[in-house]
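Dropping work_19.txt in here (compact mmCIF, C-alpha atoms and all ligand atoms):
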```txt
# COMPACT_ATOMS: atom_id res chain seq x y z
CA MET A 1 0.00 0.00 0.00
CA LYS A 2 2.74 2.42 1.11
CA THR A 3 4.85 1.52 -1.97
CA THR A 4 1.86 2.12 -4.26
CA ILE A 5 1.33 5.60 -2.79
CA ILE A 6 5.03 6.50 -3.13
CA VAL A 7 5.14 5.26 -6.74
CA SER A 8 1.91 7.15 -7.50
CA LEU A 9 3.33 10.35 -5.98
CA MET A 10 6.53 9.94 -8.01
CA VAL A 11 4.54 9.47 -11.21
CA LEU A 12 2.34 12.48 -10.36
CA SER A 13 5.35 14.62 -9.53
CA ALA A 14 7.10 13.62 -12.79
CA PHE A 15 3.91 14.37 -14.72
CA LEU A 16 3.52 17.80 -13.06
CA SER A 17 7.14 18.71 -13.63
CA GLN A 18 6.85 17.70 -17.31
CA ALA A 19 3.59 19.66 -17.66
CA ASN A 20 5.19 22.69 -15.98
CA THR A 21 8.23 22.56 -18.25
CA ARG A 22 6.02 22.37 -21.34
CA LYS A 23 3.78 25.15 -20.08
CA SER A 24 6.62 27.47 -19.14
CA ILE A 25 8.35 26.90 -22.49
CA SER A 26 5.41 27.68 -24.74
CA GLU A 27 3.24 29.88 -22.55
CA GLY A 28 2.19 33.41 -23.37
CA TRP A 29 1.12 33.12 -27.00
CA LYS A 30 -2.20 34.23 -28.38
CA VAL A 31 -3.20 33.51 -31.98
CA GLY A 32 -6.19 34.49 -34.08
CA VAL A 33 -7.07 33.02 -37.46
CA ALA A 34 -9.30 34.05 -40.37
CA LYS A 35 -9.96 32.83 -43.91
CA ALA A 36 -11.48 34.47 -46.98
CA ASP A 37 -12.60 32.86 -50.24
CA ILE A 38 -10.83 34.92 -52.94
CA THR A 39 -12.05 33.00 -55.99
CA PRO A 40 -12.89 35.61 -58.66
CA LYS A 41 -16.64 35.95 -59.22
CA ASN A 42 -16.22 36.87 -62.90
CA PRO A 43 -14.18 35.03 -65.54
CA MET A 44 -10.60 36.39 -65.59
CA TRP A 45 -7.20 35.50 -67.02
CA LEU A 46 -5.28 32.88 -65.05
CA ALA A 47 -1.74 33.82 -64.07
CA GLY A 48 1.62 32.21 -64.71
CA TYR A 49 1.66 30.97 -68.32
CA ALA A 50 2.03 33.02 -71.49
CA SER A 51 0.51 30.12 -73.45
CA ARG A 52 -3.10 30.44 -72.23
CA THR A 53 -5.48 31.85 -74.81
CA LYS A 54 -8.67 32.67 -72.90
CA VAL A 55 -10.16 33.54 -69.52
CA SER A 56 -11.07 31.14 -66.66
CA GLU A 57 -13.85 28.54 -66.86
CA GLY A 58 -15.07 27.93 -63.32
CA ALA A 59 -13.32 26.60 -60.22
CA MET A 60 -11.86 23.21 -59.33
CA HIS A 61 -11.89 24.34 -55.70
CA PRO A 62 -11.96 27.80 -54.07
CA LEU A 63 -8.85 29.98 -53.82
CA TRP A 64 -8.09 31.17 -50.29
CA ALA A 65 -6.45 33.99 -48.42
CA LYS A 66 -5.69 33.13 -44.81
CA CYS A 67 -4.28 35.12 -41.93
CA LEU A 68 -2.71 34.16 -38.61
CA PHE A 69 -2.37 36.98 -36.11
CA PHE A 70 0.20 36.26 -33.37
CA GLN A 71 0.71 38.01 -30.02
CA ASP A 72 3.60 37.07 -27.72
CA ALA A 73 3.71 37.20 -23.90
CA LYS A 74 4.74 40.89 -23.97
CA GLY A 75 2.00 41.88 -26.42
CA ASN A 76 4.26 42.07 -29.53
CA SER A 77 2.03 41.28 -32.50
CA SER A 78 2.69 39.95 -35.98
CA ALA A 79 0.57 38.84 -38.91
CA LEU A 80 1.21 36.16 -41.54
CA LEU A 81 -1.01 36.22 -44.62
CA THR A 82 -0.93 33.43 -47.21
CA LEU A 83 -2.58 33.73 -50.62
CA ASP A 84 -3.40 31.34 -53.45
CA VAL A 85 -2.02 33.69 -56.14
CA VAL A 86 1.04 33.64 -58.41
CA GLY A 87 2.54 36.81 -56.97
CA ILE A 88 1.93 40.37 -55.81
CA SER A 89 3.62 43.62 -56.83
CA SER A 90 5.71 45.78 -54.52
CA GLU A 91 2.96 48.40 -54.48
CA PHE A 92 0.28 45.82 -53.61
CA GLY A 93 2.37 44.45 -50.74
CA ILE A 94 3.20 47.88 -49.33
CA ASP A 95 -0.41 49.14 -49.59
CA VAL A 96 -1.85 46.12 -47.76
CA ARG A 97 0.87 45.93 -45.10
CA THR A 98 0.73 49.70 -44.44
CA GLU A 99 -3.02 49.60 -43.93
CA ILE A 100 -2.85 46.52 -41.66
CA SER A 101 -0.06 48.24 -39.70
CA ARG A 102 -2.16 51.42 -39.34
CA LYS A 103 -5.30 49.59 -38.25
CA THR A 104 -3.68 47.13 -35.83
CA SER A 105 -0.71 49.25 -34.61
CA ILE A 106 1.89 46.62 -35.49
CA PRO A 107 5.11 47.54 -37.34
CA LEU A 108 5.50 46.78 -41.05
CA SER A 109 8.40 44.44 -40.27
CA ASN A 110 5.91 42.22 -38.37
CA ILE A 111 3.65 41.64 -41.39
CA LEU A 112 4.38 39.04 -44.09
CA ILE A 113 2.34 38.29 -47.20
CA ASN A 114 3.35 35.03 -48.88
CA CYS A 115 2.09 33.98 -52.31
CA SER A 116 1.69 30.23 -52.98
CA HIS A 117 2.63 30.90 -56.66
CA THR A 118 -0.23 28.75 -57.94
CA HIS A 119 -0.35 28.98 -61.73
CA SER A 120 -4.15 28.57 -61.63
CA GLY A 121 -4.98 31.79 -59.77
CA PRO A 122 -5.98 35.21 -61.13
CA VAL A 123 -3.68 37.73 -62.84
CA LEU A 124 -3.08 40.66 -60.47
CA ASP A 125 -2.31 44.23 -61.41
CA GLN A 126 1.38 44.88 -62.25
CA VAL A 127 2.48 41.23 -61.99
CA LEU A 128 3.62 39.65 -65.29
CA THR A 129 0.75 41.48 -67.03
CA SER A 130 2.68 41.87 -70.30
CA ILE A 131 2.82 38.10 -70.91
CA TYR A 132 -0.94 37.78 -71.47
CA PRO A 133 -2.79 39.06 -74.58
CA LEU A 134 -5.13 41.25 -72.50
CA LYS A 135 -7.94 43.37 -73.92
CA GLU A 136 -8.86 46.68 -72.24
CA SER A 137 -11.87 45.00 -70.58
CA ASP A 138 -9.58 42.26 -69.19
CA LYS A 139 -7.24 44.90 -67.76
CA LYS A 140 -10.16 46.68 -66.08
CA GLU A 141 -11.29 43.42 -64.48
CA ILE A 142 -7.73 42.78 -63.19
CA VAL A 143 -7.51 46.26 -61.64
CA LYS A 144 -10.98 45.85 -60.08
CA TYR A 145 -10.17 42.42 -58.64
CA SER A 146 -6.76 43.57 -57.31
CA LYS A 147 -8.42 46.47 -55.48
CA TRP A 148 -11.05 44.12 -54.02
CA LEU A 149 -8.33 41.66 -52.94
CA LYS A 150 -6.43 44.42 -51.09
CA GLU A 151 -9.57 45.37 -49.15
CA THR A 152 -10.31 41.71 -48.44
CA LEU A 153 -6.82 41.11 -47.01
CA ILE A 154 -7.07 44.12 -44.70
CA GLU A 155 -10.50 42.97 -43.47
CA LEU A 156 -9.13 39.43 -43.08
CA SER A 157 -6.29 40.58 -40.81
CA LEU A 158 -8.73 42.55 -38.62
CA ARG A 159 -10.89 39.43 -38.24
CA ALA A 160 -7.83 37.38 -37.28
CA HIS A 161 -6.86 40.10 -34.77
CA LYS A 162 -10.29 39.87 -33.10
CA ASP A 163 -9.99 36.07 -32.89
CA LEU A 164 -6.93 36.09 -30.55
CA GLU A 165 -6.99 33.34 -27.92
CA PRO A 166 -4.30 31.67 -25.77
CA VAL A 167 -2.42 28.89 -27.59
CA ASN A 168 0.76 26.85 -27.55
CA LEU A 169 3.05 26.97 -30.58
CA TYR A 170 5.31 24.18 -31.81
CA ALA A 171 7.63 23.95 -34.81
CA LYS A 172 9.49 21.25 -36.74
CA ASN A 173 10.64 20.44 -40.27
CA GLY A 174 9.11 17.45 -42.02
CA VAL A 175 10.24 15.96 -45.31
CA SER A 176 8.67 15.47 -48.75
CA ARG A 177 10.50 14.60 -51.95
CA ILE A 178 7.98 15.73 -54.57
CA GLN A 179 10.15 18.62 -55.81
CA VAL A 180 12.44 18.09 -58.80
CA ASN A 181 15.19 20.52 -59.78
CA ARG A 182 14.03 21.68 -63.20
CA ARG A 183 17.39 23.07 -64.25
CA THR A 184 19.35 19.87 -63.69
CA ASN A 185 16.73 17.29 -64.83
CA GLN A 186 14.96 17.23 -68.17
CA GLU A 187 11.17 17.11 -67.83
CA LYS A 188 10.80 15.02 -71.00
CA ASP A 189 13.06 12.30 -69.50
CA ILE A 190 11.39 12.25 -66.08
CA ASP A 191 9.76 8.84 -66.48
CA VAL A 192 13.02 7.11 -67.43
CA LEU A 193 15.55 8.93 -65.23
CA LYS A 194 17.15 6.53 -62.78
CA GLU A 195 18.56 9.28 -60.60
CA LEU A 196 17.48 12.86 -60.10
CA ASN A 197 20.02 15.67 -59.82
CA GLY A 198 19.92 18.42 -57.18
CA PRO A 199 20.28 20.79 -55.54
CA ASN A 200 17.09 20.38 -53.51
CA ASP A 201 15.70 21.20 -50.09
CA PHE A 202 13.07 18.63 -49.15
CA ALA A 203 12.07 20.30 -45.87
CA VAL A 204 8.40 20.78 -44.95
CA PRO A 205 8.54 23.58 -42.34
CA THR A 206 5.56 23.23 -40.01
CA ILE A 207 4.10 25.32 -37.17
CA LYS A 208 1.39 23.81 -34.98
CA VAL A 209 -1.04 26.18 -33.26
CA GLU A 210 -2.80 24.33 -30.44
CA THR A 211 -5.40 25.76 -28.06
CA ASN A 212 -4.98 25.31 -24.32
CA LYS A 213 -7.58 22.54 -24.55
CA GLY A 214 -5.32 20.70 -27.00
CA ASN A 215 -7.34 21.40 -30.16
CA LEU A 216 -5.48 22.09 -33.40
CA LYS A 217 -6.49 25.68 -34.21
CA ALA A 218 -4.23 26.14 -37.23
CA VAL A 219 -1.26 24.66 -39.01
CA VAL A 220 1.23 26.60 -41.12
CA PHE A 221 3.30 24.56 -43.55
CA GLY A 222 5.63 25.38 -46.41
CA TYR A 223 7.34 23.74 -49.34
CA ALA A 224 9.75 24.85 -52.05
CA CYS A 225 8.19 23.83 -55.38
CA HIS A 226 6.35 25.55 -58.23
CA PRO A 227 2.57 24.93 -58.12
CA THR A 228 2.63 24.18 -61.83
CA VAL A 229 1.08 20.71 -62.05
CA LEU A 230 -1.99 22.24 -63.73
CA SER A 231 -2.13 24.62 -66.68
CA GLY A 232 -5.84 24.56 -67.56
CA TYR A 233 -8.65 27.08 -67.21
CA GLN A 234 -10.15 26.27 -63.78
CA TRP A 235 -9.24 28.14 -60.62
CA SER A 236 -7.22 26.03 -58.20
CA GLY A 237 -4.43 26.23 -55.66
CA ASP A 238 -2.67 23.40 -57.56
CA TYR A 239 -0.90 20.81 -55.35
CA ALA A 240 -0.64 23.42 -52.54
CA GLY A 241 -4.43 23.94 -52.68
CA PHE A 242 -5.05 20.18 -52.50
CA ALA A 243 -2.61 19.91 -49.55
CA GLN A 244 -4.51 22.62 -47.62
CA LEU A 245 -7.86 20.94 -48.40
CA GLU A 246 -6.54 17.56 -47.28
CA LEU A 247 -5.27 18.90 -43.93
CA GLU A 248 -8.53 20.76 -43.27
CA LYS A 249 -10.37 17.49 -44.00
CA LEU A 250 -8.06 15.50 -41.70
CA TYR A 251 -8.48 18.07 -38.90
CA PRO A 252 -12.01 19.55 -39.13
CA GLY A 253 -12.19 23.12 -37.81
CA THR A 254 -8.47 23.74 -38.43
CA ALA A 255 -7.13 26.37 -40.83
CA ALA A 256 -4.21 25.09 -42.93
CA LEU A 257 -1.97 27.84 -44.33
CA PHE A 258 0.55 27.06 -47.09
CA PHE A 259 3.61 29.20 -47.77
CA GLN A 260 5.92 28.94 -50.77
CA GLY A 261 9.62 28.45 -50.05
CA ALA A 262 12.66 28.84 -52.29
CA GLY A 263 10.92 26.97 -55.12
CA GLY A 264 12.10 29.13 -58.04
CA ASP A 265 13.89 26.28 -59.82
CA GLN A 266 11.84 23.34 -58.48
CA ASN A 267 8.92 21.72 -60.32
CA PRO A 268 6.52 18.91 -59.40
CA LEU A 269 7.41 16.29 -62.03
CA PRO A 270 5.75 14.57 -63.78
CA ARG A 271 2.83 16.96 -64.06
CA ARG A 272 -0.23 18.18 -66.02
CA THR A 273 -3.02 15.96 -64.67
CA ILE A 274 -5.51 16.60 -61.85
CA PRO A 275 -4.79 13.19 -60.21
CA LEU A 276 -1.08 14.18 -60.04
CA ALA A 277 -1.95 17.52 -58.37
CA LYS A 278 -4.07 15.60 -55.84
CA GLN A 279 -1.31 13.04 -55.29
CA TYR A 280 1.33 15.70 -54.54
CA GLY A 281 -1.14 17.59 -52.32
CA LYS A 282 -2.04 14.48 -50.29
CA SER A 283 1.62 13.48 -50.06
CA LEU A 284 2.58 16.90 -48.70
CA ALA A 285 -0.37 16.82 -46.26
CA ALA A 286 0.81 13.39 -45.07
CA ALA A 287 4.29 14.86 -44.40
CA VAL A 288 2.63 17.56 -42.26
CA GLU A 289 0.36 15.03 -40.51
CA ARG A 290 3.42 13.01 -39.50
CA VAL A 291 5.11 16.10 -38.02
CA LEU A 292 1.95 17.11 -36.11
CA ASN A 293 1.82 13.68 -34.51
CA GLU A 294 5.48 13.53 -33.53
CA GLU A 295 7.28 15.46 -30.80
CA MET A 296 7.64 19.06 -31.96
CA THR A 297 9.74 21.88 -30.48
CA PRO A 298 7.66 24.10 -28.16
CA LEU A 299 8.19 27.80 -28.95
CA ALA A 300 8.75 30.27 -26.11
CA GLY A 301 6.33 33.20 -25.98
CA SER A 302 8.60 35.81 -27.51
CA PHE A 303 8.64 37.40 -30.95
CA LYS A 304 11.41 39.41 -32.61
CA SER A 305 11.73 40.72 -36.15
CA SER A 306 14.10 42.65 -38.33
CA ALA A 307 13.57 43.86 -41.89
CA ALA A 308 15.27 45.78 -44.68
CA THR A 309 14.96 46.58 -48.34
CA ILE A 310 18.07 46.60 -50.53
CA GLU A 311 18.86 47.92 -53.99
CA LEU A 312 19.64 45.14 -56.48
CA GLY A 313 21.60 46.19 -59.56
CA LEU A 314 20.77 45.16 -63.13
CA SER A 315 23.38 44.36 -65.77
CA ALA A 316 23.73 46.49 -68.93
CA ALA A 317 20.49 46.64 -70.94
CA PRO A 318 20.38 45.68 -74.64
CA SER A 319 21.00 48.53 -77.08
CA LEU A 320 18.24 50.04 -79.23
CA SER A 321 19.42 48.17 -82.32
CA GLU A 322 19.61 44.87 -80.40
CA LEU A 323 16.06 45.41 -79.13
CA LYS A 324 14.80 46.14 -82.65
CA GLN A 325 16.34 42.86 -83.81
CA ILE A 326 14.69 40.96 -80.89
CA GLN A 327 11.34 42.63 -81.66
CA LYS A 328 11.58 41.66 -85.34
CA GLU A 329 12.45 38.05 -84.53
CA ALA A 330 9.68 37.73 -81.91
CA GLY A 331 6.93 39.09 -84.19
CA GLN A 332 4.34 38.71 -81.40
CA GLY A 333 3.89 37.48 -77.82
CA TYR A 334 5.46 38.74 -74.61
CA ILE A 335 9.03 39.06 -75.97
CA TYR A 336 7.55 41.34 -78.64
CA GLU A 337 5.69 43.32 -75.94
CA TRP A 338 8.79 43.54 -73.75
CA SER A 339 11.09 44.74 -76.55
CA SER A 340 8.46 47.18 -77.89
CA ASN A 341 8.07 48.67 -74.43
CA LEU A 342 11.84 49.19 -74.03
CA ILE A 343 12.16 50.58 -77.58
CA GLY A 344 9.38 53.05 -76.64
CA GLN A 345 11.38 54.12 -73.58
CA TYR A 346 14.57 54.58 -75.64
CA GLU A 347 12.73 56.64 -78.26
CA ALA A 348 11.05 58.81 -75.62
CA GLY A 349 14.48 59.51 -74.12
CA LYS A 350 13.53 57.80 -70.84
CA PRO A 351 16.40 56.01 -69.10
CA LEU A 352 15.94 52.24 -68.72
CA LEU A 353 15.86 50.80 -65.22
CA ARG A 354 19.39 50.29 -63.83
CA ASN A 355 18.40 48.71 -60.53
CA TYR A 356 15.51 47.42 -58.43
CA PRO A 357 15.39 49.78 -55.44
CA ASN A 358 13.33 47.95 -52.83
CA TYR A 359 14.09 44.24 -52.64
CA PRO A 360 12.46 43.05 -49.36
CA ILE A 361 14.08 40.82 -46.72
CA GLN A 362 12.56 40.02 -43.32
CA VAL A 363 13.66 37.73 -40.51
CA TRP A 364 11.40 36.59 -37.68
CA ASP A 365 12.11 34.75 -34.47
CA PHE A 366 9.15 32.89 -32.95
CA GLY A 367 10.46 31.86 -29.55
CA GLY A 368 13.67 30.49 -31.08
CA GLN A 369 12.26 29.40 -34.46
CA LYS A 370 13.90 31.53 -37.15
CA ILE A 371 12.00 32.35 -40.35
CA ILE A 372 13.90 34.03 -43.18
CA SER A 373 11.59 35.54 -45.78
CA LEU A 374 12.59 36.97 -49.13
CA GLY A 375 10.88 38.64 -52.06
CA GLY A 376 10.80 37.17 -55.55
CA GLU A 377 11.15 33.69 -57.00
CA ILE A 378 13.98 32.55 -54.75
CA THR A 379 15.96 29.62 -56.14
CA ILE A 380 16.76 26.61 -53.96
CA GLY A 381 20.48 27.38 -53.63
CA TYR A 382 19.58 30.17 -51.19
CA ALA A 383 17.77 27.74 -48.86
CA VAL A 384 20.74 25.34 -49.06
CA LYS A 385 23.25 28.09 -48.21
CA LEU A 386 21.13 29.60 -45.44
CA LYS A 387 20.74 26.19 -43.81
CA GLU A 388 24.48 25.55 -44.03
CA LYS A 389 25.02 28.79 -42.14
CA TYR A 390 22.10 28.94 -39.68
CA GLY A 391 21.21 25.26 -39.26
CA ASP A 392 18.70 22.87 -40.82
CA GLN A 393 15.90 23.87 -38.45
CA ILE A 394 15.40 27.37 -39.95
CA PHE A 395 12.40 28.06 -42.22
CA VAL A 396 12.91 29.80 -45.58
CA MET A 397 10.09 31.65 -47.35
CA GLY A 398 10.29 33.04 -50.87
CA TYR A 399 7.59 34.91 -52.84
CA THR A 400 6.98 37.23 -49.89
CA ASN A 401 5.72 40.85 -49.95
CA ASP A 402 6.81 41.45 -53.56
CA VAL A 403 7.30 39.06 -56.49
CA MET A 404 9.37 41.14 -58.94
CA GLY A 405 11.31 38.41 -60.73
CA TYR A 406 13.42 35.29 -60.28
CA ILE A 407 16.25 35.51 -57.75
CA PRO A 408 19.08 33.36 -59.11
CA THR A 409 22.12 32.25 -57.16
CA GLU A 410 25.43 33.49 -58.56
CA LEU A 411 25.89 30.13 -60.29
CA ILE A 412 22.46 30.30 -61.99
CA LEU A 413 23.12 33.93 -62.97
CA GLU A 414 26.36 32.84 -64.69
CA GLU A 415 24.73 29.81 -66.32
CA GLY A 416 21.83 31.92 -67.65
CA GLY A 417 18.73 30.15 -69.00
CA TYR A 418 15.22 31.00 -67.82
CA GLU A 419 15.76 31.58 -64.09
CA GLY A 420 19.15 33.26 -64.62
CA ASP A 421 18.33 35.50 -67.55
CA THR A 422 15.31 35.34 -69.88
CA SER A 423 12.59 35.30 -67.17
CA GLN A 424 13.48 38.98 -66.57
CA ARG A 425 11.66 39.69 -69.84
CA ALA A 426 8.44 38.14 -68.54
CA TYR A 427 8.73 40.42 -65.50
CA GLY A 428 9.36 43.48 -67.71
CA LEU A 429 12.91 44.08 -66.43
CA PRO A 430 15.40 45.29 -69.07
CA SER A 431 18.25 42.87 -68.33
CA LYS A 432 19.48 40.15 -66.00
CA TRP A 433 20.59 40.95 -62.46
CA ALA A 434 24.09 42.30 -61.97
CA ALA A 435 26.80 40.00 -60.62
CA GLY A 436 27.01 39.95 -56.83
CA ILE A 437 23.26 39.54 -56.16
CA GLU A 438 23.75 36.44 -54.00
CA SER A 439 26.39 37.87 -51.67
CA GLN A 440 24.41 41.10 -51.38
CA ILE A 441 21.28 39.24 -50.23
CA LEU A 442 23.15 36.82 -47.93
CA SER A 443 25.10 39.65 -46.33
CA LYS A 444 21.93 41.62 -45.55
CA ILE A 445 20.30 38.50 -44.08
CA ASN A 446 23.37 38.16 -41.86
CA ASP A 447 22.90 41.74 -40.56
CA LEU A 448 19.21 41.09 -39.87
CA MET A 449 19.94 37.77 -38.11
CA ASP A 450 22.53 39.54 -35.92
CA ALA A 451 19.91 42.17 -35.06
CA ILE A 452 17.49 39.62 -33.62
CA ASN A 453 20.06 37.48 -31.79
ZN ZN B 501 7.61 30.89 -61.22
```
Step by step, read the file and then write its structure as structure tokens.
Amino acid sequence: MKTTIIVSLMVLSAFLSQANTRKSISEGWKVGVAKADITPKNPMWLAGYASRTKVSEGAMHPLWAKCLFFQDAKGNSSALLTLDVVGISSEFGIDVRTEISRKTSIPLSNILINCSHTHSGPVLDQVLTSIYPLKESDKKEIVKYSKWLKETLIELSLRAHKDLEPVNLYAKNGVSRIQVNRRTNQEKDIDVLKELNGPNDFAVPTIKVETNKGNLKAVVFGYACHPTVLSGYQWSGDYAGFAQLELEKLYPGTAALFFQGAGGDQNPLPRRTIPLAKQYGKSLAAAVERVLNEEMTPLAGSFKSSAATIELGLSAAPSLSELKQIQKEAGQGYIYEWSSNLIGQYEAGKPLLRNYPNYPIQVWDFGGQKIISLGGEITIGYAVKLKEKYGDQIFVMGYTNDVMGYIPTELILEEGGYEGDTSQRAYGLPSKWAAGIESQILSKINDLMDAIN
């Protein structure tokens, strides 16, 4: 009898001490969540491919904007918004973040807007608009929708702010191998390749938001891979949309937020069928489900952030005669549009862009979990290098706050090709980035990481 009581007391005391440790480590957080269906009501052009020839024809599933509003133990707040769109412009990002900052009194550096980069979402104002053969009425619809989306995102963040409740936060990286490096593997050979070449980063960064009663309130997960399985005419979030749907089905009442990582040179291969998009989505959801059910790292109730914008140089632009030659050879399409636009600037005596002035970089620390977020179509080499320097547990986000072009590593810039050179034309930039882009970005990240340590 006496032994039983002693053993019971020991078990109870061990349980209490474990519960206390857990509580003290992750206590102090409050999180609010909100979702908005952002599927366009009217037919519109789908974003991401120059090859489409007409507007949308209905939805495969809704497109979503989602917001998590975080508050740490000291009342520091931050907001993460995730969108099922291909990208947003600098102006769009600044307008929305400024308004959220004004209405919720949180600094701009504490607000992130990540685009999933789905290639089956709507064209937004000032993002790749020259690659589509748009009529005036199409352009009007794009401007109207973009304005509506801005208002919706601001309203969404206010709803998430009102939803704040005490939670525990946990983080961990899972793994999924659905990404294929599209620069080092040929898509046409994908079914017969015995080995796939890298570089890759197979991490599935995951944050669990659990209420004090132990219910899963939200899950944030990321992956570095182009949502380009589908190229049809129905709205969808592509594999990332199917992954979110699957998690929300697995955990009813939970909001699943997807963020795009450094997926600039990664494709889901093979691709082009709906069953494949579902397969990759379910596979990614299964990677998240595994992480949620394993031991995760509890995050202390403290938030820190640091942010900067830097000027990225562009290399020398083509001459007027070179552009005229390119225009003649193109005859039509977005290369024709791009060269005509630059020729127009030359002839009007306007100087061509020599640099991109406001490239955004933000770093966050959620109770020890570092998140490095970058604008543009970040290529995987950045994630690899950042993890070598700051450890495998960090999370890397691309496509955040402003999607102005591809962001090649120095190697990709030298090699050229789409991500290193010609994609600049789709984004309306006059030339490829100047040498030194990689060290410039990595060095600024280093400053920002020092600032929050
Ligand atoms: Zn892309």
Inset, instruction - Could you give me, as a VMD selection string, every polymer residue with an atom at most 7 Å away from an atom of ligand ZN 501 (chain B), counting only C-alpha atoms and all ligand atoms? - result: chain A and resid 117 226 264 377
Legend entry - Ile452 (chain A) environment, 8 Å, all atoms listed in the file, sequence neighbours closer than 3 positions dropped, as a PyMOL selection string: chain A and resi 304-306+364-365+448-449
Legend entry - Using all atoms listed in the file: which of A:Ala285, A:Val86, A:Met44, A:Ala240 has the shortest distance to Ser137 (chain A):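 Of all the options, A:Met44 lies closest to Ser137 (chain A).
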Legend entry - For Gln393 (chain A), the nearest of the candidates A:Asn341, A:Gln266, A:Thr211, A:Thr206, counting all atoms listed in the file: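 Closest to Gln393 (chain A) of all the choices is A:Thr206.
Between CA of Pro205 (chain A) and CA of Ala59 (chain A) the interatomic distance comes to 28.4 Å.
The closest residue to Leu374 (chain A), picked from A:Tyr170, A:Phe303, A:Tyr233, A:Tyr406 and counting only C-alpha atoms, is A:Tyr406.
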